[in-house]
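The file run_14.csv contains CSV, C-alpha atoms and all ligand atoms:
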```csv
chain,number,residue,atom,x,y,z
A,801,MET,CA,0.0,0.0,0.0
A,802,LEU,CA,1.2,3.5,-0.8
A,803,ILE,CA,-0.2,5.8,1.9
A,804,LYS,CA,-1.2,9.0,0.1
A,805,SER,CA,-2.7,11.1,2.9
A,806,ILE,CA,-3.7,11.2,6.5
A,807,GLU,CA,-6.6,13.4,7.7
A,808,LEU,CA,-7.1,14.2,11.4
A,809,ILE,CA,-10.5,15.3,12.6
A,810,GLU,CA,-11.3,16.4,16.1
A,811,ILE,CA,-14.9,15.7,17.1
A,812,ASN,CA,-16.6,16.8,20.4
A,813,LEU,CA,-19.1,14.3,21.8
A,814,PRO,CA,-21.0,14.8,25.0
A,815,LEU,CA,-21.3,11.6,27.1
A,816,VAL,CA,-24.8,10.3,27.9
A,817,HIS,CA,-23.7,10.2,31.6
A,818,PHE,CA,-20.5,11.7,33.1
A,819,PHE,CA,-17.6,9.3,33.8
A,820,GLU,CA,-15.6,9.7,36.9
A,821,THR,CA,-12.3,8.0,37.8
A,822,SER,CA,-9.9,8.5,40.7
A,823,PHE,CA,-8.2,11.2,38.5
A,824,GLY,CA,-11.3,13.2,37.5
A,825,ARG,CA,-14.7,13.5,35.9
A,826,THR,CA,-15.4,13.8,32.1
A,827,TYR,CA,-18.7,15.1,30.6
A,828,GLU,CA,-17.6,15.5,27.0
A,829,ARG,CA,-15.0,13.7,24.9
A,830,ARG,CA,-12.6,15.5,22.6
A,831,ILE,CA,-11.8,12.6,20.2
A,832,ILE,CA,-9.3,12.7,17.3
A,833,LEU,CA,-10.3,10.5,14.3
A,834,VAL,CA,-7.8,9.4,11.7
A,835,ARG,CA,-8.6,8.8,8.1
A,836,VAL,CA,-5.9,7.3,5.9
A,837,GLU,CA,-6.1,7.1,2.2
A,838,ASP,CA,-3.9,5.1,-0.2
A,839,ALA,CA,-2.9,5.8,-3.8
A,840,ASP,CA,-5.9,3.7,-5.0
A,841,GLY,CA,-8.3,6.0,-3.1
A,842,ALA,CA,-9.2,3.3,-0.5
A,843,GLU,CA,-9.7,4.6,3.0
A,844,GLY,CA,-9.2,3.3,6.6
A,845,TRP,CA,-10.3,4.8,9.9
A,846,GLY,CA,-8.7,4.9,13.3
A,847,GLU,CA,-9.1,6.8,16.6
A,848,ILE,CA,-6.6,8.4,19.0
A,849,THR,CA,-8.0,7.3,22.4
A,850,CYS,CA,-6.3,9.8,24.7
A,851,GLY,CA,-8.3,11.8,27.2
A,852,GLU,CA,-8.9,15.5,27.4
A,853,SER,CA,-6.3,15.9,30.1
A,854,PRO,CA,-3.1,14.0,31.0
A,855,GLY,CA,-4.7,12.2,33.9
A,856,TYR,CA,-4.6,8.6,32.7
A,857,SER,CA,-1.6,8.9,30.4
A,858,ASP,CA,0.7,11.7,29.5
A,859,GLU,CA,-1.0,12.1,26.1
A,860,TRP,CA,-4.1,14.3,25.8
A,861,THR,CA,-6.1,15.7,22.9
A,862,ASP,CA,-4.0,18.8,22.1
A,863,SER,CA,-0.6,17.1,22.5
A,864,ALA,CA,-1.7,14.1,20.4
A,865,TRP,CA,-3.1,16.4,17.7
A,866,VAL,CA,0.2,18.3,17.3
A,867,THR,CA,2.3,15.1,17.5
A,868,ALA,CA,0.2,13.3,15.0
A,869,GLU,CA,0.1,16.3,12.6
A,870,LYS,CA,3.8,17.4,12.8
A,871,ILE,CA,5.7,14.3,13.7
A,872,LEU,CA,3.9,11.0,13.1
A,873,ALA,CA,1.7,11.5,10.0
A,874,PRO,CA,4.7,12.9,8.0
A,875,MET,CA,6.6,9.6,8.8
A,876,VAL,CA,3.9,7.6,7.2
A,877,VAL,CA,2.5,9.7,4.3
A,878,GLY,CA,4.2,8.9,1.0
A,879,GLN,CA,5.5,5.6,2.2
A,880,GLU,CA,5.0,2.3,0.5
A,881,VAL,CA,4.3,-0.4,3.1
A,882,ALA,CA,4.2,-4.2,2.4
A,883,SER,CA,1.7,-4.5,5.2
A,884,ALA,CA,-0.1,-2.7,8.0
A,885,ALA,CA,2.1,-4.6,10.5
A,886,ASP,CA,5.0,-2.4,9.2
A,887,VAL,CA,3.4,0.9,10.0
A,888,TRP,CA,4.6,0.8,13.6
A,889,ASN,CA,8.2,0.7,12.4
A,890,LEU,CA,7.8,3.8,10.3
A,891,MET,CA,7.0,5.8,13.5
A,892,LYS,CA,9.3,3.9,15.8
A,893,TRP,CA,12.0,6.6,15.8
A,894,ALA,CA,9.7,8.8,17.9
A,895,ARG,CA,9.5,7.8,21.5
A,896,GLY,CA,6.3,7.5,23.4
A,897,HIS,CA,3.1,9.0,22.0
A,898,ARG,CA,1.6,5.5,21.6
A,899,MET,CA,-2.0,6.6,21.5
A,900,ALA,CA,-1.3,9.0,18.6
A,901,LYS,CA,0.6,6.2,16.9
A,902,SER,CA,-2.2,3.8,17.5
A,903,GLY,CA,-4.7,6.1,15.8
A,904,ILE,CA,-2.7,6.1,12.6
A,905,GLU,CA,-1.6,2.4,12.8
A,906,THR,CA,-5.1,1.0,13.4
A,907,ALA,CA,-6.4,3.1,10.5
A,908,CYS,CA,-3.9,1.4,8.3
A,909,TRP,CA,-5.1,-2.0,9.5
A,910,ASP,CA,-8.6,-1.1,8.6
A,911,LEU,CA,-7.5,0.1,5.2
A,912,GLU,CA,-5.5,-3.1,4.5
A,913,ALA,CA,-8.4,-5.4,5.6
A,914,LYS,CA,-10.8,-3.4,3.3
A,915,LYS,CA,-8.4,-3.8,0.4
A,916,HIS,CA,-8.2,-7.6,1.0
A,917,GLY,CA,-12.0,-7.6,1.4
A,918,VAL,CA,-11.8,-9.4,4.8
A,919,PRO,CA,-13.1,-8.4,8.2
A,920,LEU,CA,-10.5,-6.8,10.3
A,921,TRP,CA,-10.9,-9.3,13.2
A,922,ARG,CA,-10.0,-12.2,10.9
A,923,HIS,CA,-7.2,-10.2,9.3
A,924,LEU,CA,-5.7,-9.7,12.8
A,925,GLY,CA,-5.8,-13.4,13.4
A,926,GLY,CA,-8.9,-13.4,15.6
A,927,VAL,CA,-10.6,-16.8,16.4
A,928,ASN,CA,-13.6,-16.0,18.6
A,929,GLN,CA,-16.2,-14.1,16.5
A,930,VAL,CA,-18.4,-13.7,19.6
A,931,ILE,CA,-16.8,-11.7,22.4
A,932,GLU,CA,-17.9,-11.4,26.0
A,933,CYS,CA,-18.7,-7.9,27.3
A,934,GLY,CA,-18.4,-6.2,30.7
A,935,VAL,CA,-19.0,-2.6,31.7
A,936,SER,CA,-16.9,0.0,33.5
A,937,ILE,CA,-19.0,2.2,35.8
A,938,GLY,CA,-17.5,5.4,37.2
A,939,ILE,CA,-17.6,6.9,40.6
A,940,GLN,CA,-21.1,8.3,41.2
A,941,ASP,CA,-22.6,11.0,43.4
A,942,SER,CA,-24.1,8.4,45.8
A,943,ILE,CA,-24.1,4.7,46.5
A,944,ALA,CA,-27.8,4.6,45.6
A,945,GLN,CA,-27.0,6.0,42.1
A,946,LEU,CA,-24.3,3.4,41.7
A,947,LEU,CA,-26.6,0.5,42.6
A,948,GLU,CA,-29.1,1.8,40.1
A,949,LYS,CA,-26.5,2.0,37.3
A,950,ILE,CA,-25.3,-1.5,38.1
A,951,ARG,CA,-28.9,-2.8,38.1
A,952,VAL,CA,-29.4,-1.5,34.5
A,953,GLU,CA,-26.3,-3.2,33.3
A,954,VAL,CA,-26.9,-6.5,35.1
A,955,GLU,CA,-30.4,-6.6,33.6
A,956,ALA,CA,-29.0,-5.8,30.1
A,957,GLY,CA,-27.0,-9.0,30.4
A,958,TYR,CA,-23.4,-7.8,30.8
A,959,LYS,CA,-21.1,-10.6,32.0
A,960,ARG,CA,-19.1,-8.6,34.6
A,961,ILE,CA,-19.3,-5.3,36.4
A,962,LYS,CA,-16.2,-3.1,37.0
A,963,ILE,CA,-16.6,-0.2,39.3
A,964,LYS,CA,-14.1,2.6,39.7
A,965,ILE,CA,-12.7,2.9,43.2
A,966,SER,CA,-10.6,5.4,45.2
A,967,PRO,CA,-9.6,5.7,48.9
A,968,SER,CA,-12.9,7.6,49.5
A,969,TRP,CA,-15.0,5.2,47.4
A,970,ASP,CA,-14.0,1.7,48.1
A,971,TYR,CA,-14.8,-0.6,51.1
A,972,ASP,CA,-18.3,0.6,52.0
A,973,VAL,CA,-19.2,0.9,48.3
A,974,ILE,CA,-18.1,-2.6,47.4
A,975,LYS,CA,-19.9,-4.0,50.5
A,976,ALA,CA,-23.1,-2.3,49.4
A,977,VAL,CA,-22.8,-3.8,45.9
A,978,ARG,CA,-22.2,-7.3,47.2
A,979,ALA,CA,-25.1,-7.0,49.6
A,980,GLU,CA,-27.4,-5.9,46.7
A,981,PHE,CA,-26.2,-8.1,43.9
A,982,GLY,CA,-24.7,-11.2,45.6
A,983,ASP,CA,-22.0,-13.1,43.7
A,984,ILE,CA,-22.0,-11.3,40.3
A,985,LEU,CA,-18.6,-11.1,38.6
A,986,LEU,CA,-17.3,-7.9,40.2
A,987,MET,CA,-14.0,-6.0,40.0
A,988,GLY,CA,-12.6,-2.6,41.1
A,989,ASP,CA,-10.3,-0.3,39.1
A,990,ALA,CA,-8.4,2.3,41.2
A,991,ASN,CA,-6.5,4.0,38.4
A,992,SER,CA,-3.4,4.3,40.6
A,993,ALA,CA,-5.1,5.9,43.6
A,994,TYR,CA,-3.2,3.9,46.3
A,995,THR,CA,0.3,3.3,47.5
A,996,LEU,CA,1.9,0.5,49.5
A,997,ALA,CA,1.1,2.5,52.6
A,998,ASP,CA,-2.5,1.6,52.0
A,999,ILE,CA,-1.8,-2.2,52.2
A,1000,ASP,CA,-4.2,-2.8,55.1
A,1001,LYS,CA,-7.1,-1.2,53.3
A,1002,LEU,CA,-6.3,-3.2,50.1
A,1003,LYS,CA,-6.0,-6.4,52.1
A,1004,SER,CA,-9.4,-5.7,53.6
A,1005,LEU,CA,-10.9,-5.9,50.1
A,1006,ASP,CA,-10.0,-9.6,49.9
A,1007,GLU,CA,-13.2,-10.4,51.7
A,1008,PHE,CA,-15.3,-9.4,48.7
A,1009,ASP,CA,-13.9,-12.0,46.3
A,1010,LEU,CA,-13.4,-9.5,43.6
A,1011,MET,CA,-12.5,-11.0,40.2
A,1012,MET,CA,-9.6,-8.7,40.2
A,1013,LEU,CA,-8.3,-5.4,41.4
A,1014,GLU,CA,-7.1,-3.2,38.5
A,1015,GLN,CA,-4.1,-0.8,38.9
A,1016,PRO,CA,-4.2,-0.1,42.6
A,1017,LEU,CA,-0.6,1.5,42.7
A,1018,PRO,CA,1.2,4.2,40.7
A,1019,HIS,CA,0.8,4.4,36.9
A,1020,ASP,CA,4.4,3.5,36.2
A,1021,ASP,CA,4.9,0.8,38.8
A,1022,ILE,CA,5.4,-2.9,38.3
A,1023,ILE,CA,7.7,-3.5,41.4
A,1024,ASP,CA,5.4,-2.5,44.2
A,1025,HIS,CA,2.5,-4.3,42.5
A,1026,ALA,CA,4.6,-7.5,42.8
A,1027,LYS,CA,5.0,-6.8,46.6
A,1028,LEU,CA,1.3,-6.1,46.9
A,1029,GLN,CA,0.3,-9.3,45.0
A,1030,ARG,CA,2.3,-11.4,47.4
A,1031,GLU,CA,0.2,-9.9,50.3
A,1032,ILE,CA,-3.4,-10.0,48.9
A,1033,LYS,CA,-5.5,-12.8,47.6
A,1034,THR,CA,-7.4,-10.8,45.0
A,1035,PRO,CA,-5.7,-11.1,41.6
A,1036,ILE,CA,-4.1,-7.8,40.4
A,1037,CYS,CA,-4.8,-6.6,36.9
A,1038,LEU,CA,-2.3,-4.2,35.4
A,1039,ASP,CA,-3.4,-1.4,33.1
A,1040,GLU,CA,-1.4,1.9,33.0
A,1041,PRO,CA,2.2,0.5,33.2
A,1042,ILE,CA,2.0,-2.0,30.4
A,1043,LYS,CA,2.8,0.1,27.3
A,1044,SER,CA,4.9,-2.4,25.3
A,1045,PRO,CA,5.6,-6.1,24.8
A,1046,GLU,CA,8.7,-5.6,26.9
A,1047,ASP,CA,6.7,-4.2,29.8
A,1048,ALA,CA,4.4,-7.3,29.6
A,1049,ARG,CA,7.4,-9.6,29.7
A,1050,LYS,CA,8.9,-7.9,32.7
A,1051,ALA,CA,5.6,-7.8,34.6
A,1052,ILE,CA,5.1,-11.5,34.0
A,1053,GLU,CA,8.7,-12.2,35.1
A,1054,LEU,CA,8.3,-10.1,38.3
A,1055,LYS,CA,4.8,-11.5,39.0
A,1056,SER,CA,3.4,-7.9,39.3
A,1057,GLY,CA,-0.1,-9.2,38.6
A,1058,LYS,CA,-2.1,-12.1,37.2
A,1059,ILE,CA,-4.1,-10.4,34.5
A,1060,ILE,CA,-3.5,-7.6,31.9
A,1061,ASN,CA,-6.0,-5.1,30.6
A,1062,LEU,CA,-4.8,-4.6,27.0
A,1063,LYS,CA,-5.6,-1.3,25.2
A,1064,ASN,CA,-4.7,-0.6,21.6
A,1065,GLY,CA,-4.1,3.0,22.4
A,1066,ARG,CA,-1.9,2.6,25.4
A,1067,VAL,CA,0.4,0.1,23.6
A,1068,GLY,CA,0.5,1.8,20.2
A,1069,GLY,CA,-1.9,-0.1,18.0
A,1070,HIS,CA,-2.9,-3.6,16.8
A,1071,THR,CA,0.7,-4.9,16.0
A,1072,GLN,CA,1.8,-4.2,19.6
A,1073,SER,CA,-1.4,-5.6,21.0
A,1074,LYS,CA,-0.9,-8.8,19.0
A,1075,MET,CA,2.6,-9.1,20.4
A,1076,ILE,CA,1.5,-8.6,23.9
A,1077,GLU,CA,-1.4,-11.0,23.5
A,1078,GLN,CA,1.0,-13.7,22.3
A,1079,ILE,CA,3.5,-13.1,25.1
A,1080,CYS,CA,0.6,-13.4,27.7
A,1081,ARG,CA,-1.0,-16.4,26.0
A,1082,GLU,CA,2.3,-18.3,26.1
A,1083,ALA,CA,2.8,-17.3,29.8
A,1084,ASN,CA,-0.8,-18.4,30.5
A,1085,MET,CA,-1.7,-14.8,31.7
A,1086,PRO,CA,-5.2,-13.9,30.6
A,1087,VAL,CA,-5.7,-10.5,28.9
A,1088,TRP,CA,-8.9,-8.6,28.3
A,1089,CYS,CA,-9.7,-5.5,26.2
A,1090,GLY,CA,-9.9,-2.2,28.0
A,1091,GLY,CA,-11.7,0.9,26.9
A,1092,MET,CA,-11.1,4.6,26.7
A,1093,LEU,CA,-14.7,5.9,26.2
A,1094,GLU,CA,-14.2,5.4,22.5
A,1095,SER,CA,-16.5,6.5,19.7
A,1096,GLY,CA,-17.7,3.8,17.4
A,1097,ILE,CA,-14.5,3.8,15.4
A,1098,GLY,CA,-12.2,3.0,18.4
A,1099,ARG,CA,-14.9,0.6,19.7
A,1100,ALA,CA,-14.9,-1.3,16.4
A,1101,HIS,CA,-11.2,-1.7,16.6
A,1102,ASN,CA,-11.6,-3.0,20.2
A,1103,ILE,CA,-14.1,-5.6,19.1
A,1104,ALA,CA,-11.7,-6.8,16.4
A,1105,ILE,CA,-8.7,-7.2,18.7
A,1106,SER,CA,-10.9,-8.9,21.4
A,1107,THR,CA,-11.4,-11.9,19.0
A,1108,LEU,CA,-7.8,-13.0,19.5
A,1109,ALA,CA,-7.4,-16.3,21.5
A,1110,GLY,CA,-5.6,-14.7,24.5
A,1111,PHE,CA,-8.6,-12.4,25.3
A,1112,ARG,CA,-10.0,-14.8,27.8
A,1113,LEU,CA,-12.1,-12.5,30.1
A,1114,PRO,CA,-15.0,-10.1,29.4
A,1115,GLY,CA,-13.6,-6.7,28.2
A,1116,ASP,CA,-14.7,-3.1,28.8
A,1117,VAL,CA,-16.2,-3.2,25.3
A,1118,SER,CA,-19.9,-2.3,25.5
A,1119,ALA,CA,-22.8,-0.8,23.6
A,1120,SER,CA,-22.6,2.6,21.9
A,1121,LYS,CA,-25.8,3.8,23.6
A,1122,ARG,CA,-24.1,3.7,27.0
A,1123,TYR,CA,-21.9,6.5,25.8
A,1124,TRP,CA,-23.5,8.4,22.9
A,1125,HIS,CA,-26.8,9.7,21.9
A,1126,GLU,CA,-25.8,9.2,18.3
A,1127,ASP,CA,-22.7,7.2,17.4
A,1128,ILE,CA,-20.6,8.0,14.3
A,1129,ILE,CA,-20.8,4.5,12.9
A,1130,GLU,CA,-23.7,2.6,11.4
A,1131,PRO,CA,-25.1,0.4,12.9
A,1132,ALA,CA,-24.2,1.4,16.4
A,1133,VAL,CA,-22.4,-1.2,18.5
A,1134,GLU,CA,-25.1,-3.4,20.2
A,1135,VAL,CA,-24.7,-6.0,22.9
A,1136,SER,CA,-27.0,-9.0,22.9
A,1137,SER,CA,-29.1,-10.0,26.0
A,1138,ASP,CA,-26.4,-12.7,26.8
A,1139,GLY,CA,-23.8,-10.0,27.1
A,1140,THR,CA,-21.9,-10.6,23.9
A,1141,ILE,CA,-21.0,-8.8,20.7
A,1142,THR,CA,-20.6,-10.7,17.4
A,1143,ALA,CA,-17.8,-9.2,15.3
A,1144,PRO,CA,-19.1,-8.2,11.9
A,1145,GLU,CA,-18.5,-10.1,8.6
A,1146,SER,CA,-18.1,-7.0,6.4
A,1147,PRO,CA,-14.6,-5.9,5.3
A,1148,GLY,CA,-12.4,-3.8,7.6
A,1149,ILE,CA,-13.8,-2.6,10.9
A,1150,GLY,CA,-17.2,-3.8,9.6
A,1151,PHE,CA,-19.2,-0.7,10.4
A,1152,GLU,CA,-20.0,2.2,8.1
A,1153,VAL,CA,-18.5,5.5,9.1
A,1154,LYS,CA,-21.1,8.3,9.1
A,1155,ARG,CA,-19.1,11.1,7.5
A,1156,ASP,CA,-22.0,13.5,7.6
A,1157,GLN,CA,-22.5,13.0,11.3
A,1158,ILE,CA,-18.7,13.4,11.8
A,1159,ASN,CA,-18.8,16.7,10.0
A,1160,ARG,CA,-21.6,17.9,12.2
A,1161,VAL,CA,-19.6,17.3,15.4
A,1162,ALA,CA,-16.2,18.2,14.0
A,1163,VAL,CA,-14.4,21.2,15.4
A,1164,ARG,CA,-11.2,21.1,13.3
A,1165,ASN,CA,-9.5,19.0,10.7
A,1166,VAL,CA,-6.2,18.9,8.9
A,1167,LEU,CA,-4.9,17.0,5.9
A,1168,ILE,CA,-1.3,15.8,5.7
A,1169,ASN,CA,-0.3,14.8,2.2
B,1,LIG,O1,-8.7,2.8,33.5
B,1,LIG,O2,-9.8,1.5,32.2
B,1,LIG,C1,-9.5,2.6,32.6
B,1,LIG,C2,-11.8,5.2,30.9
B,1,LIG,C3,-10.9,6.2,30.7
B,1,LIG,C4,-9.6,6.1,31.1
B,1,LIG,C5,-9.2,4.9,31.8
B,1,LIG,C6,-10.1,3.9,32.0
B,1,LIG,C7,-11.4,4.0,31.5
B,1,LIG,C8,-12.4,3.0,31.7
B,1,LIG,C9,-13.6,3.1,30.8
B,1,LIG,O3,-12.5,2.2,32.6
B,1,LIG,C10,-13.8,1.9,29.9
B,1,LIG,C11,-14.8,2.2,28.9
B,1,LIG,O4,-16.0,2.0,29.2
B,1,LIG,O5,-14.5,2.6,27.8
B,2,MG,MG,-8.0,0.9,34.1
```

Can you dump the structure from the file as structure tokens?
Amino acid sequence: MLIKSIELIEINLPLVHFFETSFGRTYERRIILVRVEDADGAEGWGEITCGESPGYSDEWTDSAWVTAEKILAPMVVGQEVASAADVWNLMKWARGHRMAKSGIETACWDLEAKKHGVPLWRHLGGVNQVIECGVSIGIQDSIAQLLEKIRVEVEAGYKRIKIKISPSWDYDVIKAVRAEFGDILLMGDANSAYTLADIDKLKSLDEFDLMMLEQPLPHDDIIDHAKLQREIKTPICLDEPIKSPEDARKAIELKSGKIINLKNGRVGGHTQSKMIEQICREANMPVWCGGMLESGIGRAHNIAISTLAGFRLPGDVSASKRYWHEDIIEPAVEVSSDGTITAPESPGIGFEVKRDQINRVAVRNVLIN
């Protein structure tokens, strides 16, 4: 493929319900979409999944925009690539900025799958066309509000419930959820809100039989997590610190946790995700697909990667309507009453991109050619 141009489009989409984590609350997403076009006029779509502020990772909308426009897109435009798997290497010289890279890289995978006329999930080597879905529920204004949110999702059929926790929203909250919903598959995600000094509090959560505790300790740590894992029964799931296949290898070697939440954006795209999936599968470490409050385009890429064999637990991949009044793809992502999504059979991401709707919510765009 000869990559002829890359278009970046920022869209602003208000969330149906605010989303709060231990690092802050979001009401509206500022999402960068990536459209790549090759010399034959074929197109592919990707999404840069960073947040509006550098709370989860050091990338955020404005930093990713300028990096993609000035540094990364020029490394790819005008290049002839034998396959989408080589696009990562074109941008490798630049350190970091994995979410910006992922937006471009995943768009090239969509483009390539469309040119071959195959669904992206098969092109990536996926084996499970039907994927299991969970939900991630943010910190709410009250426990009653949280219980109501959980009820809606349990009744919708989702396979597991993840709640965001923090030192001021943990023990009593989880206790109330267990009292109300019994032995549902339940987990907590702290987004790095604790340190080893909180070990007694974290130990006390063992009584709730959580499926896992996601990222309790600092965002860049895999050493203290290993210490903590030796002290608690609940399996630790790593999110923020696993940015590369090497990080995954080291976390496995150190026994920093027992599960990895794998996100295309955080690791730099499908090629890196595939490498991490393989390392984890060979080490018998389950992975599952995390989410970044994506629009339909990022969501479609998450569905595709979730079909790989190593994705053995329900992911944070859920229906469009939980996030958006109107998604930018057609059809919107829907979850069946048994809590699953069936990856589509049509070529590429398998959903139609609604360019008119994108134009209505776009606030800026730029073409690099
Ligand atoms: O830690 O997994 C996380 C959203 C934004 C930033 C970080 C995280 C999340 C989620 C939401 O948990 C998952 C989703 O529903 O997209
Ligand atoms: Mg997380």

Please identify all protein, DNA and RNA residues within 10 Å of ligand LIG 1 (chain B), counting only C-alpha atoms and all ligand atoms, and report them as a ChimeraX atom specification. /A:819-826,849-851,855-857,934-938,962-964,988-992,1014-1015,1038-1040,1061-1063,1066,1089-1095,1098-1099,1102,1115-1120,1122-1123

* Give me the residues within 9 Å of Gln879 in chain A as a ChimeraX atom specification, counting only C-alpha atoms and dropping any in the same chain fewer than 5 places off. => /A:801-804,890

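For the pair CA of Ile1149 in chain A and CA of Ala839 in chain A, the separation is 20.1 Å.
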
Which residues, written as a PyMOL selection string, have at least one atom at most 12 Å from Asp838 in chain A, with only C-alpha atoms counted and residues fewer than 2 positions away on the same chain left out? chain A and resi 801-807+835-836+840-845+876-881+884+907-908+910-912+914-915+1169

- Interatomic distance (Å, one decimal) between CA of Gly1069 in chain A and CA of Glu905 in chain A: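 Value for the CA of Gly1069 in chain A-CA of Glu905 in chain A distance: 5.8 Å.
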
The residue from A:Pro1016, A:Glu810, A:Gln929, A:Ile950 with the smallest atom-to-atom distance to ligand MG 2 (chain B), counting only C-alpha atoms and all ligand atoms, is A:Pro1016

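Between ligand MG 2 (chain B) and the candidates A:Ile1059, A:Lys1027, A:Arg1081, A:Gly926, the tightest atom-to-atom separation, counting all atoms listed in the file, involves A:Ile1059.
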
Using only C-alpha atoms and all ligand atoms for the distances, tell me which of A:Ala864, A:Ile1060, A:Ala873, A:Ala976 is nearest to ligand MG 2 (chain B).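 Among the listed residues, the smallest separation from ligand MG 2 (chain B) belongs to A:Ile1060.
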
One residue among A:Val930, A:Ala956, A:Cys1080, A:Ala868 is nearest to Val834 in chain A when using all atoms listed in the file, and that residue is A:Ala868

request  = Give as number ranges by chain every residue, naming chains and numbers as the document does, that has an atom within 12 Å of (5.1, -2.5, 44.8), counting all atoms listed in the file.
outcome  = A: 992, 994-999, 1015-1031, 1036, 1051, 1054-1057

*So how many Å separate CA of Lys1154 in chain A and CA of Asp1127 in chain A, to one decimal?*
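Straight-line distance from CA of Lys1154 in chain A to CA of Asp1127 in chain A works out to 8.5 Å.
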
Next on the checklist: Let me make sure I understand: among A:Phe1008, A:Glu1053, A:Leu947, A:Ala900, which one has the smallest atom-to-atom distance to Glu869 in chain A if we use all atoms listed in the file?
Outcome noted: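 Using all atoms listed in the file, Glu869 in chain A sits closest to A:Ala900.
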
Query raised in the report: So which one's closest to Gly1139 in chain A, A:Ile848, A:Ile931, A:Ala894, A:Trp921? Using all atoms listed in the file, please.
Result: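 Closest candidate: A:Ile931.
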
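Counting all atoms listed in the file, Ser1004 in chain A has the following residues at most 12 Å away, ignoring those fewer than 3 positions along the same chain: Asp970, Tyr971, Asp972, Ile974, Lys975, Asp998, Ile999, Asp1000, Lys1001, Glu1007, Phe1008, Asp1009, Leu1010, Glu1031, Ile1032, Lys1033 and Thr1034 of chain A.
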
task: Could you give me, as a list of chain:residue names, the residues that have an atom at most 7 Å away from the point (-26.4, -8.5, 37.8) in the coordinates of the file, using all atoms listed in the file?
output: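 The residues that fall inside the cut-off are A:Arg951, A:Glu953, A:Val954, A:Glu955, A:Phe981, A:Ile984.
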
Is there a way to complete range 823-827 of chain A with all heavy atoms and then write that out as a compact mmCIF listing (two decimals), in the frame of the given file?
```txt
# COMPACT_ATOMS: atom_id res chain seq x y z
N PHE A 823 -8.97 10.00 38.97
CA PHE A 823 -8.20 11.20 38.50
C PHE A 823 -9.13 12.30 37.99
O PHE A 823 -8.65 13.36 37.60
CB PHE A 823 -7.12 10.86 37.55
CG PHE A 823 -7.56 10.13 36.32
CD1 PHE A 823 -8.14 10.82 35.27
CD2 PHE A 823 -7.39 8.75 36.20
CE1 PHE A 823 -8.56 10.15 34.12
CE2 PHE A 823 -7.80 8.07 35.06
CZ PHE A 823 -8.39 8.77 34.03
N GLY A 824 -10.44 12.10 37.96
CA GLY A 824 -11.30 13.20 37.50
C GLY A 824 -12.55 12.77 36.79
O GLY A 824 -12.76 11.59 36.55
N ARG A 825 -13.38 13.78 36.49
CA ARG A 825 -14.70 13.50 35.90
C ARG A 825 -14.72 14.09 34.46
O ARG A 825 -14.21 15.18 34.21
CB ARG A 825 -15.77 14.22 36.73
CG ARG A 825 -17.16 13.83 36.38
CD ARG A 825 -18.17 14.52 37.29
NE ARG A 825 -18.48 13.73 38.48
CZ ARG A 825 -19.59 13.91 39.22
NH1 ARG A 825 -20.46 14.84 38.89
NH2 ARG A 825 -19.80 13.16 40.28
N THR A 826 -15.31 13.36 33.54
CA THR A 826 -15.40 13.80 32.10
C THR A 826 -16.92 13.88 31.76
O THR A 826 -17.67 12.95 32.02
CB THR A 826 -14.80 12.74 31.18
OG1 THR A 826 -13.49 12.45 31.63
CG2 THR A 826 -14.74 13.25 29.76
N TYR A 827 -17.30 15.00 31.12
CA TYR A 827 -18.70 15.10 30.60
C TYR A 827 -18.73 15.06 29.11
O TYR A 827 -19.72 14.68 28.54
CB TYR A 827 -19.26 16.50 31.05
CG TYR A 827 -19.53 16.60 32.53
CD1 TYR A 827 -18.55 17.10 33.40
CD2 TYR A 827 -20.74 16.20 33.05
CE1 TYR A 827 -18.80 17.19 34.76
CE2 TYR A 827 -21.01 16.29 34.42
CZ TYR A 827 -20.03 16.80 35.27
OH TYR A 827 -20.27 16.88 36.61
```
